[in-house]
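A.B. asks: My structure is in input_1.csv, and what it holds is CSV, C-alpha atoms:
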chain,number,residue,atom,x,y,z
A,40,MET,CA,-4.1,-24.0,5.3
A,41,ARG,CA,-5.4,-25.0,1.8
A,42,ALA,CA,-2.6,-25.7,-0.7
A,43,PHE,CA,-2.3,-23.7,-3.9
A,44,THR,CA,-2.5,-25.8,-7.1
A,45,GLY,CA,-1.5,-23.2,-9.7
A,46,GLN,CA,1.6,-23.3,-11.8
A,47,PHE,CA,4.3,-20.6,-11.4
A,48,THR,CA,5.9,-21.3,-14.7
A,49,GLN,CA,2.7,-21.4,-16.8
A,50,GLN,CA,2.6,-18.4,-19.1
A,51,GLU,CA,-0.5,-17.2,-21.0
A,52,ALA,CA,-0.9,-18.6,-24.5
A,53,ILE,CA,0.7,-16.8,-27.4
A,54,PRO,CA,-2.0,-14.6,-28.9
A,55,ASP,CA,-3.9,-15.9,-31.9
A,56,GLU,CA,-2.6,-13.0,-34.0
A,57,ALA,CA,1.0,-13.9,-33.2
A,58,ILE,CA,0.4,-17.6,-34.0
A,59,ALA,CA,-1.1,-16.6,-37.3
A,60,ALA,CA,1.8,-14.3,-38.1
A,61,ALA,CA,4.3,-17.1,-37.2
A,62,VAL,CA,2.5,-19.6,-39.4
A,63,ASP,CA,2.7,-17.1,-42.3
A,64,VAL,CA,6.5,-16.9,-41.8
A,65,LEU,CA,6.8,-20.7,-41.7
A,66,LYS,CA,4.7,-21.1,-44.8
A,67,SER,CA,6.9,-18.5,-46.6
A,68,GLY,CA,10.1,-20.4,-45.6
A,69,ARG,CA,11.8,-17.0,-45.2
A,70,LEU,CA,12.8,-17.2,-41.6
A,71,HIS,CA,16.1,-15.3,-42.0
A,72,ARG,CA,15.7,-11.6,-41.3
A,73,TYR,CA,17.4,-10.6,-44.5
A,74,ASN,CA,15.5,-12.9,-46.8
A,75,THR,CA,13.4,-10.1,-48.4
A,76,LEU,CA,12.3,-9.1,-51.8
A,77,GLY,CA,13.0,-5.6,-53.2
A,78,SER,CA,12.4,-2.9,-50.7
A,79,GLU,CA,10.1,-4.8,-48.4
A,80,LEU,CA,10.8,-4.8,-44.6
A,81,SER,CA,11.2,-8.2,-43.0
A,82,VAL,CA,9.1,-9.0,-39.9
A,83,ALA,CA,12.2,-8.5,-37.7
A,84,SER,CA,12.6,-5.0,-39.2
A,85,GLU,CA,8.9,-4.2,-38.6
A,86,LEU,CA,9.4,-5.3,-35.0
A,87,GLU,CA,12.4,-2.9,-34.6
A,88,ARG,CA,10.3,-0.1,-36.0
A,89,ASP,CA,7.3,-0.9,-33.7
A,90,TYR,CA,9.5,-1.2,-30.6
A,91,ALA,CA,11.4,1.9,-31.3
A,92,ALA,CA,8.0,3.7,-31.5
A,93,PHE,CA,6.9,2.2,-28.2
A,94,GLN,CA,10.1,3.1,-26.5
A,95,GLY,CA,10.3,6.6,-28.0
A,96,ALA,CA,13.8,5.7,-29.2
A,97,LYS,CA,15.3,6.7,-32.5
A,98,PHE,CA,16.9,3.3,-33.1
A,99,CYS,CA,16.2,-0.4,-32.3
A,100,LEU,CA,18.0,-3.7,-33.0
A,101,ALA,CA,16.3,-7.1,-32.6
A,102,CYS,CA,18.8,-9.8,-31.6
A,103,ALA,CA,19.0,-13.3,-30.2
A,104,SER,CA,18.7,-12.6,-26.5
A,105,GLY,CA,18.7,-9.9,-23.8
A,106,GLY,CA,22.2,-11.1,-22.7
A,107,TYR,CA,23.4,-10.8,-26.3
A,108,ALA,CA,22.0,-7.2,-26.4
A,109,MET,CA,24.0,-6.4,-23.3
A,110,SER,CA,27.2,-7.9,-24.8
A,111,ILE,CA,27.1,-6.0,-28.0
A,112,ALA,CA,26.0,-2.9,-26.3
A,113,LEU,CA,29.2,-3.0,-24.2
A,114,ARG,CA,31.3,-3.6,-27.4
A,115,ALA,CA,29.5,-1.0,-29.4
A,116,ALA,CA,30.0,1.5,-26.5
A,117,GLY,CA,33.8,1.0,-26.8
A,118,VAL,CA,34.5,-1.3,-23.8
A,119,VAL,CA,37.9,-3.1,-24.2
A,120,PRO,CA,39.3,-6.3,-22.6
A,121,GLY,CA,40.5,-5.7,-19.1
A,122,GLU,CA,38.4,-2.6,-18.5
A,123,LYS,CA,36.4,-2.3,-15.3
A,124,ILE,CA,32.6,-2.1,-15.6
A,125,LEU,CA,30.4,-1.2,-12.7
A,126,THR,CA,27.2,-3.1,-12.1
A,127,ASN,CA,24.8,-4.0,-9.3
A,128,SER,CA,25.7,-6.7,-6.9
A,129,PHE,CA,22.1,-7.9,-6.9
A,130,THR,CA,21.3,-9.2,-10.4
A,131,LEU,CA,21.1,-12.3,-12.5
A,132,ALA,CA,24.0,-14.2,-14.0
A,133,PRO,CA,23.6,-12.9,-17.6
A,134,VAL,CA,24.6,-9.4,-16.5
A,135,PRO,CA,28.1,-10.2,-15.1
A,136,GLY,CA,28.2,-12.8,-17.9
A,137,ALA,CA,27.8,-10.1,-20.5
A,138,ILE,CA,30.7,-8.1,-19.0
A,139,ALA,CA,32.9,-11.2,-18.9
A,140,SER,CA,32.0,-12.0,-22.5
A,141,VAL,CA,33.8,-8.9,-23.7
A,142,GLY,CA,36.8,-9.6,-21.5
A,143,ALA,CA,36.0,-6.8,-19.1
A,144,VAL,CA,36.1,-6.9,-15.3
A,145,PRO,CA,32.8,-6.5,-13.3
A,146,VAL,CA,33.0,-4.2,-10.3
A,147,LEU,CA,30.0,-5.0,-8.1
A,148,VAL,CA,28.2,-2.1,-6.3
A,149,GLU,CA,26.3,-2.6,-3.0
A,150,ILE,CA,22.5,-2.5,-3.0
A,151,THR,CA,20.1,-1.0,-0.5
A,152,PRO,CA,17.4,-2.8,1.5
A,153,ASN,CA,15.0,-1.6,-1.2
A,154,LEU,CA,16.9,-3.7,-3.7
A,155,VAL,CA,18.4,-0.9,-5.8
A,156,ILE,CA,21.9,0.1,-6.4
A,157,ASP,CA,23.5,2.1,-3.5
A,158,LEU,CA,24.3,5.5,-4.9
A,159,ASN,CA,26.8,6.3,-2.1
A,160,ASP,CA,28.7,3.1,-2.8
A,161,LEU,CA,28.5,3.8,-6.5
A,162,ARG,CA,30.2,7.2,-6.0
A,163,LYS,CA,33.0,5.4,-4.0
A,164,LYS,CA,33.4,2.6,-6.6
A,165,ILE,CA,33.6,5.1,-9.5
A,166,THR,CA,36.5,6.9,-7.7
A,167,ASP,CA,38.2,3.7,-6.6
A,168,SER,CA,37.9,1.8,-9.9
A,169,ASN,CA,38.1,4.7,-12.4
A,170,ALA,CA,35.5,2.8,-14.3
A,171,LYS,CA,33.9,4.7,-17.2
A,172,PHE,CA,30.8,2.5,-17.7
A,173,LEU,CA,27.9,1.4,-15.6
A,174,LEU,CA,25.8,-1.5,-16.7
A,175,LEU,CA,22.8,-0.8,-14.5
A,176,SER,CA,20.6,-3.9,-13.8
A,177,ASN,CA,17.1,-2.8,-13.0
A,178,MET,CA,16.9,-6.1,-11.2
A,179,ARG,CA,13.4,-7.6,-10.6
A,180,GLY,CA,11.8,-4.4,-11.8
A,181,HIS,CA,13.2,-2.0,-9.1
A,182,LEU,CA,14.3,1.4,-10.3
A,183,CYS,CA,16.7,3.5,-8.2
A,184,ASP,CA,16.4,7.3,-8.1
A,185,MET,CA,17.2,7.7,-11.8
A,186,ASP,CA,17.5,11.5,-11.5
A,187,GLU,CA,20.2,11.3,-8.9
A,188,LEU,CA,21.9,8.4,-10.7
A,189,VAL,CA,22.1,10.4,-14.0
A,190,GLY,CA,23.4,13.4,-12.1
A,191,ILE,CA,26.3,11.3,-10.6
A,192,LEU,CA,27.2,9.8,-13.9
A,193,ASN,CA,27.2,13.1,-15.7
A,194,GLU,CA,29.3,14.6,-13.0
A,195,THR,CA,31.9,11.7,-13.2
A,196,GLY,CA,31.8,11.1,-16.9
A,197,VAL,CA,30.5,7.5,-16.6
A,198,THR,CA,28.4,6.1,-19.5
A,199,LEU,CA,25.2,4.4,-18.6
A,200,LEU,CA,23.9,1.2,-20.2
A,201,GLU,CA,20.6,-0.1,-18.8
A,202,ASP,CA,19.6,-3.7,-18.4
A,203,CYS,CA,15.8,-3.5,-18.7
A,204,ALA,CA,15.0,-7.2,-18.8
A,205,HIS,CA,12.6,-6.6,-15.9
A,206,THR,CA,11.5,-3.0,-16.6
A,207,MET,CA,10.1,-3.1,-20.2
A,208,GLY,CA,7.4,-0.4,-20.0
A,209,ALA,CA,8.4,0.9,-16.5
A,210,ARG,CA,9.0,4.6,-16.0
A,211,TRP,CA,10.8,6.9,-13.6
A,212,ASN,CA,9.2,10.4,-13.3
A,213,GLY,CA,7.5,9.8,-16.7
A,214,THR,CA,10.6,8.6,-18.6
A,215,LEU,CA,10.7,5.1,-19.8
A,216,SER,CA,13.3,2.7,-18.4
A,217,GLY,CA,16.0,2.3,-21.0
A,218,ASN,CA,16.0,6.0,-22.1
A,219,PHE,CA,18.3,7.4,-19.4
A,220,GLY,CA,21.7,6.5,-20.9
A,221,LEU,CA,23.4,5.5,-24.1
A,222,ALA,CA,21.3,2.3,-24.6
A,223,GLY,CA,18.6,0.1,-23.2
A,224,CYS,CA,18.7,-3.7,-23.3
A,225,PHE,CA,15.5,-5.7,-23.2
A,226,SER,CA,14.6,-9.4,-23.1
A,227,ALA,CA,11.9,-11.4,-24.7
A,228,GLN,CA,12.7,-14.6,-22.8
A,229,THR,CA,9.6,-16.6,-21.7
A,230,TYR,CA,9.5,-15.1,-18.2
A,231,LYS,CA,9.8,-11.5,-19.3
A,232,HIS,CA,7.1,-9.0,-20.4
A,233,VAL,CA,6.9,-10.2,-24.0
A,234,ASN,CA,7.5,-13.8,-24.9
A,235,SER,CA,9.3,-15.4,-27.8
A,236,GLY,CA,11.1,-18.0,-25.8
A,237,GLU,CA,14.4,-16.2,-26.3
A,238,GLY,CA,15.0,-12.8,-27.9
A,239,GLY,CA,16.4,-9.3,-27.2
A,240,LEU,CA,16.0,-5.7,-28.2
A,241,LEU,CA,18.5,-2.9,-28.0
A,242,THR,CA,17.5,0.7,-28.2
A,243,SER,CA,19.5,4.0,-28.4
A,244,ASP,CA,19.4,7.5,-29.8
A,245,ASP,CA,23.1,7.4,-30.8
A,246,PRO,CA,23.5,6.7,-34.5
A,247,ASP,CA,27.2,5.7,-34.4
A,248,PHE,CA,26.7,3.4,-31.5
A,249,MET,CA,23.7,1.7,-33.2
A,250,ALA,CA,25.6,1.3,-36.5
A,251,ARG,CA,28.3,-0.6,-34.6
A,252,ALA,CA,25.7,-2.7,-32.8
A,253,ILE,CA,23.9,-3.6,-36.0
A,254,MET,CA,27.2,-4.7,-37.6
A,255,LEU,CA,28.1,-6.7,-34.5
A,256,SER,CA,24.8,-8.4,-34.6
A,257,GLY,CA,25.7,-9.9,-38.0
A,258,SER,CA,24.1,-7.7,-40.6
A,259,TYR,CA,26.9,-8.3,-43.2
A,260,MET,CA,26.4,-5.5,-45.7
A,261,LEU,CA,22.6,-5.6,-45.3
A,262,TYR,CA,22.4,-3.0,-42.6
A,263,GLU,CA,20.0,-0.9,-44.6
A,264,ARG,CA,17.3,-3.6,-44.3
A,265,HIS,CA,16.5,-2.6,-40.7
A,266,GLY,CA,13.3,-0.9,-39.5
A,267,ALA,CA,14.9,1.5,-37.1
A,268,ALA,CA,18.5,2.0,-38.1
A,269,PRO,CA,20.7,5.1,-38.5
A,270,ALA,CA,21.3,6.7,-41.9
A,271,ARG,CA,23.7,5.1,-44.3
A,272,GLN,CA,26.6,7.5,-43.6
A,273,HIS,CA,26.9,6.2,-40.0
A,274,PHE,CA,28.0,2.8,-41.4
A,275,THR,CA,30.8,4.1,-43.6
A,276,ASP,CA,33.5,3.1,-41.1
A,277,ALA,CA,31.5,0.7,-38.9
A,278,ARG,CA,30.8,-1.7,-41.8
A,279,LEU,CA,34.6,-2.3,-42.2
A,280,ASP,CA,35.9,-1.8,-38.7
A,281,THR,CA,33.3,-3.9,-36.8
A,282,PRO,CA,33.5,-7.7,-36.4
A,283,ASN,CA,30.4,-9.9,-37.2
A,284,MET,CA,29.3,-11.6,-34.0
A,285,SER,CA,26.2,-13.2,-35.3
A,286,GLY,CA,23.3,-12.8,-32.9
A,287,ARG,CA,20.4,-11.8,-35.2
A,288,MET,CA,16.7,-12.3,-34.3
A,289,ASP,CA,14.9,-14.4,-36.9
A,290,ASN,CA,11.5,-13.6,-38.5
A,291,LEU,CA,9.7,-16.3,-36.6
A,292,ARG,CA,10.4,-14.9,-33.2
A,293,ALA,CA,9.8,-11.4,-34.5
A,294,ALA,CA,6.4,-12.5,-35.8
A,295,ILE,CA,5.5,-13.9,-32.3
A,296,LEU,CA,6.6,-10.7,-30.6
A,297,LYS,CA,5.2,-8.0,-32.9
A,298,PRO,CA,1.6,-8.3,-31.8
A,299,GLN,CA,2.6,-8.5,-28.1
A,300,ILE,CA,4.0,-4.9,-28.3
A,301,ALA,CA,0.5,-3.6,-29.0
A,302,THR,CA,-0.9,-5.3,-25.9
A,303,LEU,CA,2.1,-4.6,-23.5
A,304,GLU,CA,0.5,-1.6,-21.8
A,305,ALA,CA,-2.7,-3.5,-21.0
A,306,ASN,CA,-0.7,-6.4,-19.7
A,307,ILE,CA,1.3,-4.1,-17.5
A,308,GLN,CA,-1.9,-2.9,-15.8
A,309,ARG,CA,-2.9,-6.6,-15.2
A,310,TRP,CA,0.5,-7.4,-13.7
A,311,ASN,CA,0.3,-4.4,-11.4
A,312,GLN,CA,-3.1,-5.3,-10.2
A,313,ARG,CA,-1.7,-8.7,-9.1
A,314,TYR,CA,1.5,-7.2,-7.7
A,315,ASP,CA,-0.3,-4.5,-5.7
A,316,LEU,CA,-2.6,-7.1,-4.2
A,317,VAL,CA,0.2,-9.4,-3.1
A,318,ALA,CA,2.5,-6.6,-1.9
A,319,THR,CA,-0.3,-5.0,0.1
A,320,HIS,CA,-1.2,-8.3,1.8
A,321,LEU,CA,2.5,-9.1,2.6
A,322,GLY,CA,3.0,-5.6,3.9
A,323,ARG,CA,0.5,-6.2,6.6
A,324,SER,CA,2.6,-8.9,8.2
A,325,ALA,CA,4.9,-8.0,11.1
A,326,THR,CA,7.4,-10.6,9.8
A,327,VAL,CA,7.7,-9.7,6.2
A,328,VAL,CA,9.2,-6.5,4.7
A,329,VAL,CA,8.3,-5.4,1.2
A,330,PRO,CA,10.7,-3.0,-0.5
A,331,GLU,CA,9.5,0.6,-0.5
A,332,ARG,CA,8.9,2.2,-3.9
A,333,SER,CA,9.1,5.9,-4.8
A,334,SER,CA,6.0,7.8,-6.0
A,335,LYS,CA,8.2,8.6,-9.1
A,336,GLU,CA,8.4,5.0,-10.0
A,337,PHE,CA,5.9,3.3,-12.3
A,338,TYR,CA,6.8,-0.3,-12.1
A,339,VAL,CA,5.9,-3.6,-13.9
A,340,GLY,CA,5.0,-6.0,-11.2
A,341,SER,CA,5.6,-9.4,-12.9
A,342,SER,CA,7.3,-10.7,-9.7
A,343,VAL,CA,7.4,-9.7,-6.1
A,344,GLN,CA,10.3,-9.6,-3.6
A,345,PHE,CA,10.2,-9.5,0.2
A,346,ARG,CA,12.6,-9.8,3.1
A,347,ILE,CA,12.6,-11.5,6.4
A,348,PRO,CA,15.3,-9.6,8.1
A,349,GLY,CA,17.6,-11.6,10.4
A,350,ILE,CA,16.4,-15.0,9.3
A,351,ALA,CA,19.0,-17.7,9.9
A,352,GLU,CA,20.0,-20.0,7.0
A,353,PRO,CA,18.2,-23.2,8.3
A,354,ASP,CA,15.1,-21.2,8.9
A,355,ALA,CA,15.2,-19.7,5.4
A,356,ARG,CA,15.4,-23.2,3.9
A,357,GLN,CA,12.6,-24.3,6.1
A,358,PHE,CA,10.5,-21.3,5.1
A,359,VAL,CA,11.0,-22.1,1.4
A,360,ALA,CA,10.2,-25.8,2.0
A,361,ASP,CA,7.0,-25.0,4.0
A,362,ALA,CA,5.8,-22.7,1.2
A,363,LYS,CA,6.5,-25.3,-1.4
A,364,SER,CA,4.6,-28.0,0.6
A,365,LEU,CA,1.6,-25.7,0.2
A,366,GLY,CA,2.2,-25.1,-3.5
A,367,VAL,CA,4.0,-21.8,-3.5
A,368,GLU,CA,7.3,-21.6,-5.3
A,369,LEU,CA,9.8,-19.1,-3.7
A,370,LYS,CA,13.4,-18.4,-4.6
A,371,TRP,CA,15.8,-17.5,-1.9
A,372,PHE,CA,18.7,-15.2,-3.0
A,373,GLY,CA,20.7,-15.9,0.1
A,374,ASP,CA,21.5,-19.4,-0.9
A,375,ARG,CA,25.3,-19.8,-1.7
A,376,ASP,CA,24.4,-22.7,-4.0
A,377,PRO,CA,22.7,-21.5,-7.2
A,378,VAL,CA,19.3,-22.9,-7.9
A,379,ALA,CA,17.7,-22.8,-11.4
A,380,PHE,CA,17.8,-19.1,-12.5
A,381,THR,CA,18.7,-17.8,-9.1
A,382,SER,CA,22.3,-17.1,-8.0
A,383,ASN,CA,24.4,-14.5,-6.3
A,384,HIS,CA,27.9,-13.1,-6.5
A,385,HIS,CA,29.4,-15.9,-4.3
A,386,SER,CA,28.7,-18.5,-7.1
A,387,TRP,CA,30.1,-16.4,-10.0
A,388,ARG,CA,33.6,-17.8,-9.5
A,389,TYR,CA,34.8,-16.5,-12.9
A,390,LEU,CA,34.8,-13.1,-11.1
A,391,GLU,CA,37.3,-11.9,-8.6
A,392,SER,CA,35.8,-12.3,-5.1
A,393,GLN,CA,34.4,-9.0,-3.8
A,394,ILE,CA,33.5,-8.0,-0.3
A,395,LEU,CA,29.9,-6.8,-0.2
A,396,PRO,CA,28.6,-7.0,3.4
A,397,GLN,CA,25.5,-4.8,2.9
A,398,THR,CA,24.4,-6.8,-0.1
A,399,ASP,CA,25.0,-10.1,1.7
A,400,ASP,CA,22.9,-8.9,4.6
A,401,VAL,CA,20.0,-8.0,2.3
A,402,LEU,CA,20.3,-11.2,0.2
A,403,ALA,CA,20.4,-13.4,3.4
A,404,GLY,CA,16.7,-12.7,4.0
A,405,LEU,CA,15.5,-12.0,0.4
A,406,PHE,CA,12.8,-14.1,-1.2
A,407,ASP,CA,11.3,-13.8,-4.7
A,408,MET,CA,8.1,-15.0,-6.4
A,409,ARG,CA,6.9,-14.9,-10.0
A,410,ILE,CA,3.4,-13.5,-10.7
A,411,PRO,CA,2.3,-14.9,-14.0
A,412,LEU,CA,-0.7,-13.5,-15.7
A,413,THR,CA,-2.3,-16.9,-15.6
A,414,PHE,CA,-2.9,-16.2,-11.9
A,415,SER,CA,-6.3,-14.7,-11.0
A,416,LEU,CA,-6.7,-12.1,-8.3
A,417,ASP,CA,-8.0,-14.9,-6.0
A,418,ASP,CA,-4.9,-16.9,-6.7
A,419,CYS,CA,-2.8,-13.9,-5.7
A,420,ARG,CA,-4.7,-13.6,-2.4
A,421,GLN,CA,-4.2,-17.3,-1.7
A,422,VAL,CA,-0.5,-17.4,-2.3
A,423,SER,CA,-0.1,-14.2,-0.2
A,424,GLU,CA,-1.9,-15.9,2.7
A,425,ILE,CA,0.3,-18.9,2.4
A,426,ILE,CA,3.5,-16.8,2.4
A,427,VAL,CA,2.4,-14.9,5.5
A,428,HIS,CA,1.2,-18.1,7.2
A,429,CYS,CA,4.6,-19.8,6.7
A,430,ALA,CA,6.6,-16.7,7.6
A,431,GLU,CA,4.7,-16.1,10.8
A,432,GLY,CA,4.8,-19.8,11.6
A,433,LEU,CA,8.6,-19.5,11.9
A,434,VAL,CA,8.1,-16.8,14.6
A,435,LEU,CA,5.5,-18.8,16.4
A,436,ASP,CA,7.8,-21.8,16.5
A,437,GLY,CA,10.6,-19.6,17.8
A,438,ALA,CA,12.6,-20.3,14.6
A,439,ALA,CA,13.1,-16.8,13.3
Here is the file; what I need is its structure written in the form of structure tokens.
C.D. replies:
Amino acid sequence: MRAFTGQFTQQEAIPDEAIAAAVDVLKSGRLHRYNTLGSELSVASELERDYAAFQGAKFCLACASGGYAMSIALRAAGVVPGEKILTNSFTLAPVPGAIASVGAVPVLVEITPNLVIDLNDLRKKITDSNAKFLLLSNMRGHLCDMDELVGILNETGVTLLEDCAHTMGARWNGTLSGNFGLAGCFSAQTYKHVNSGEGGLLTSDDPDFMARAIMLSGSYMLYERHGAAPARQHFTDARLDTPNMSGRMDNLRAAILKPQIATLEANIQRWNQRYDLVATHLGRSATVVVPERSSKEFYVGSSVQFRIPGIAEPDARQFVADAKSLGVELKWFGDRDPVAFTSNHHSWRYLESQILPQTDDVLAGLFDMRIPLTFSLDDCRQVSEIIVHCAEGLVLDGAA
């Protein structure tokens, strides 16, 4: 088997238009988002305007990171210390971290073998915890049945906040991810769908919520210098009642991001070409199980996940090592010891330990791989062949 020589962490270059815009900001010296003249909009404000238009949302706030967007969304929604907040048991550390940052208590909900929140367990946890908020993590780009979810939340009076770090541009039944609840939280970290190294975007149609979020982000009394903000009257109380928790986006990162919004849809198509090729190839293996996706889901395939059900821990480690020896970098979510960006609820020791047998069973055989746009379709075929070769090799050796 020929080894793969591509790089899983190599992103495409920042577009020339974005580089030129960033250089203009640097030459101006006006990196701070509120360093404007007269009535002009800063680049950060222009980004807010453009992303609100893309998302079809009334309001948008550019901030320092996706994790910060989640934290201030929780605060602006009215979450108080000690309050219980529902979230997926399968997610990345910034999600429970955002809940912990506001002094709230994460209540983890089981997931299904298709990697989405288990709606039956959600109903049970709503009743048991009396929680009034769900921070839904659309983890690795997988959307649950959003129609059923919204029905459950409306019925029980639970407010929805969406973590859309992996679903920027994804849709359920034609509605964009992030538009199903009170707010959508998006990331512009390097490995997401737009890239400014770090950065976050928060969207909502609720003017009072967004006024509080803008004040929390550190607007001082400059809240009117935003590209997609509520009217002035919504700040009457918020400007005095809301603490400043500085987490603004600067004009340099906004300049890098703004041109990428215009090319996002085209890049989604390119990601999905690659994802569909990989998922189809993996799906032909008798050893590998690729999550099923609903016809109502329009996803963004910037990574692929698959399971090897029943695989033992030593074999999972051997499988990852075998793939790496052939140049393919896989993450294993069943590892109790966190590795790089990958962790699971057992290593979040700042949370109260929770019993999640269904989630643990899924994670035990769950593997994950990035699909950067620097990969050609031929690259995707090769890495798929390597994964299947290594997975089926475990079976042939009697290891799985």
A.B. asks: Find the residues around Lys123 in chain A up to 7 Å (only C-alpha atoms counted), leave out those fewer than 6 positions away in its own chain, and share them as a tab-separated table (two decimals) with C-alpha atoms, in the coordinates of the input.
C.D. replies:
chain	number	residue	atom	x	y	z
A	143	ALA	CA	36.00	-6.80	-19.10
A	144	VAL	CA	36.10	-6.90	-15.30
A	145	PRO	CA	32.80	-6.50	-13.30
A	146	VAL	CA	33.00	-4.20	-10.30
A	168	SER	CA	37.90	1.80	-9.90
A	170	ALA	CA	35.50	2.80	-14.30
A.B. asks: Just want the 10 Å neighbourhood of Ser256 in chain A, counted on all atoms listed in the file, with same-chain residues fewer than 5 positions away dropped. Output as a list of chain:residue names.
C.D. replies: A:Leu100, A:Ala101, A:Cys102, A:Ala103, A:Tyr107, A:Ala108, A:Ile111, A:Ala250, A:Arg251, A:Tyr262, A:Thr281, A:Pro282, A:Asn283, A:Met284, A:Ser285, A:Gly286, A:Arg287, A:Met288
A.B. asks: Provide the CA of Ser334 in chain A to CA of Glu304 in chain A distance in Å, to one decimal place.
C.D. replies: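 Straight-line distance from CA of Ser334 in chain A to CA of Glu304 in chain A works out to 19.2 Å.
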A.B. asks: Rank nothing, just name the residue among A:Gly105, A:Gly45, A:Gly340, A:Gly208 nearest to Ile410 in chain A, using all atoms listed in the file.
C.D. replies: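 Checking each candidate against Ile410 in chain A, we get A:Gly340 as the closest.
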A.B. asks: Have a look at A:Val155, A:Ala294, A:Ala83, A:Leu279 and name the one nearest to Ile53 in chain A; count all atoms listed in the file.
C.D. replies: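 Of A:Val155, A:Ala294, A:Ala83, A:Leu279, the one nearest Ile53 in chain A, counting all atoms listed in the file, is A:Ala294.
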A.B. asks: Within 7 Å of (18.5, -4.1, -36.2) (coordinates as in the file), grab all the protein and nucleic acid residues, counting only C-alpha atoms, and write them out as a PyMOL selection string.
C.D. replies: chain A and resi 84+87+99-101+253+265-268
A.B. asks: I'd like the contact shell of Gly95 in chain A - 9 Å cut-off, all atoms listed in the file, skipping same-chain residues fewer than 4 positions apart - returned as a list in words.
C.D. replies: Tyr90, Ala91, Leu215 and Asn218 of chain A
A.B. asks: What is the CA of Gly190 in chain A to CA of Ile307 in chain A distance in Å?
C.D. replies: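 The value is 28.7 Å.
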A.B. asks: Give me the residues within 7 Å of His181 in chain A as an mmCIF file with C-alpha atoms, in the coordinates of the input, counting only C-alpha atoms and dropping any in the same chain fewer than 3 places off.
C.D. replies:
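As written to disk, part_9.cif reads:
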data_model
loop_
_atom_site.group_PDB
_atom_site.id
_atom_site.type_symbol
_atom_site.label_atom_id
_atom_site.label_comp_id
_atom_site.auth_asym_id
_atom_site.auth_seq_id
_atom_site.Cartn_x
_atom_site.Cartn_y
_atom_site.Cartn_z
ATOM 1 C CA LEU A 154 16.900 -3.700 -3.700
ATOM 2 C CA VAL A 155 18.400 -0.900 -5.800
ATOM 3 C CA ASN A 177 17.100 -2.800 -13.000
ATOM 4 C CA MET A 178 16.900 -6.100 -11.200
#
A.B. asks: Let me make sure I understand: among A:Leu240, A:Ile191, A:Val148, A:Ala325, which one has the smallest atom-to-atom distance to Ile394 in chain A if we use all atoms listed in the file?
C.D. replies: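 Of the candidates, the smallest distance to Ile394 in chain A is held by A:Val148.
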A.B. asks: Using only C-alpha atoms for the distances, tell me which of A:Cys183, A:Leu390, A:Val119, A:Met40 is nearest to Ser423 in chain A.
C.D. replies: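 Closest to Ser423 in chain A of all the choices is A:Met40.
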A.B. asks: Would you kindly return, as a ChimeraX atom specification, each protein, DNA or RNA residue with an atom no farther than 12 Å from any atom of range 370-383 of chain A, considering all atoms listed in the file and excluding same-chain residues fewer than 2 positions away?
C.D. replies: /A:47,127-135,147,154,179,230,342-360,362-363,367-368,385-388,390,392-393,395,398-409
A.B. asks: Figure out the distance between CA of Leu76 in chain A and CA of Asp244 in chain A, please, to one decimal in Å.
C.D. replies: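 These two atoms are separated by 28.5 Å.
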A.B. asks: Using only C-alpha atoms, can you tell me which of A:Gly220, A:Pro411, A:Pro54, A:Pro396 comes closest to Val189 in chain A?
C.D. replies: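 Of A:Gly220, A:Pro411, A:Pro54, A:Pro396, the one nearest Val189 in chain A is A:Gly220, counting only C-alpha atoms.
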A.B. asks: So, counting only C-alpha atoms, which residue among A:Arg420, A:His205, A:Ser324, A:Ala116 is closest to Gln312 in chain A?
C.D. replies: A:Arg420
A.B. asks: Can you write range 96-103 of chain A from the block above with N, CA and C atoms, as a tab-separated table (two decimals), in the first residue's frame?
C.D. replies:
chain	number	residue	atom	x	y	z
A	96	ALA	N	-29.93	36.65	8.99
A	96	ALA	CA	-30.23	37.04	10.37
A	96	ALA	C	-30.31	38.56	10.44
A	97	LYS	N	-31.07	39.06	11.40
A	97	LYS	CA	-31.20	40.51	11.56
A	97	LYS	C	-29.93	41.13	12.13
A	98	PHE	N	-29.27	40.38	13.03
A	98	PHE	CA	-28.15	40.96	13.77
A	98	PHE	C	-26.96	40.01	13.77
A	99	CYS	N	-25.77	40.62	13.82
A	99	CYS	CA	-24.54	39.83	13.87
A	99	CYS	C	-23.49	40.58	14.68
A	100	LEU	N	-22.72	39.85	15.47
A	100	LEU	CA	-21.64	40.41	16.26
A	100	LEU	C	-20.36	39.64	15.94
A	101	ALA	N	-19.30	40.37	15.58
A	101	ALA	CA	-17.98	39.76	15.37
A	101	ALA	C	-17.22	39.81	16.68
A	102	CYS	N	-16.66	38.67	17.08
A	102	CYS	CA	-15.95	38.63	18.36
A	102	CYS	C	-14.68	37.78	18.24
A	103	ALA	N	-14.04	37.56	19.40
A	103	ALA	CA	-12.68	37.04	19.40
A	103	ALA	C	-12.57	35.57	19.01
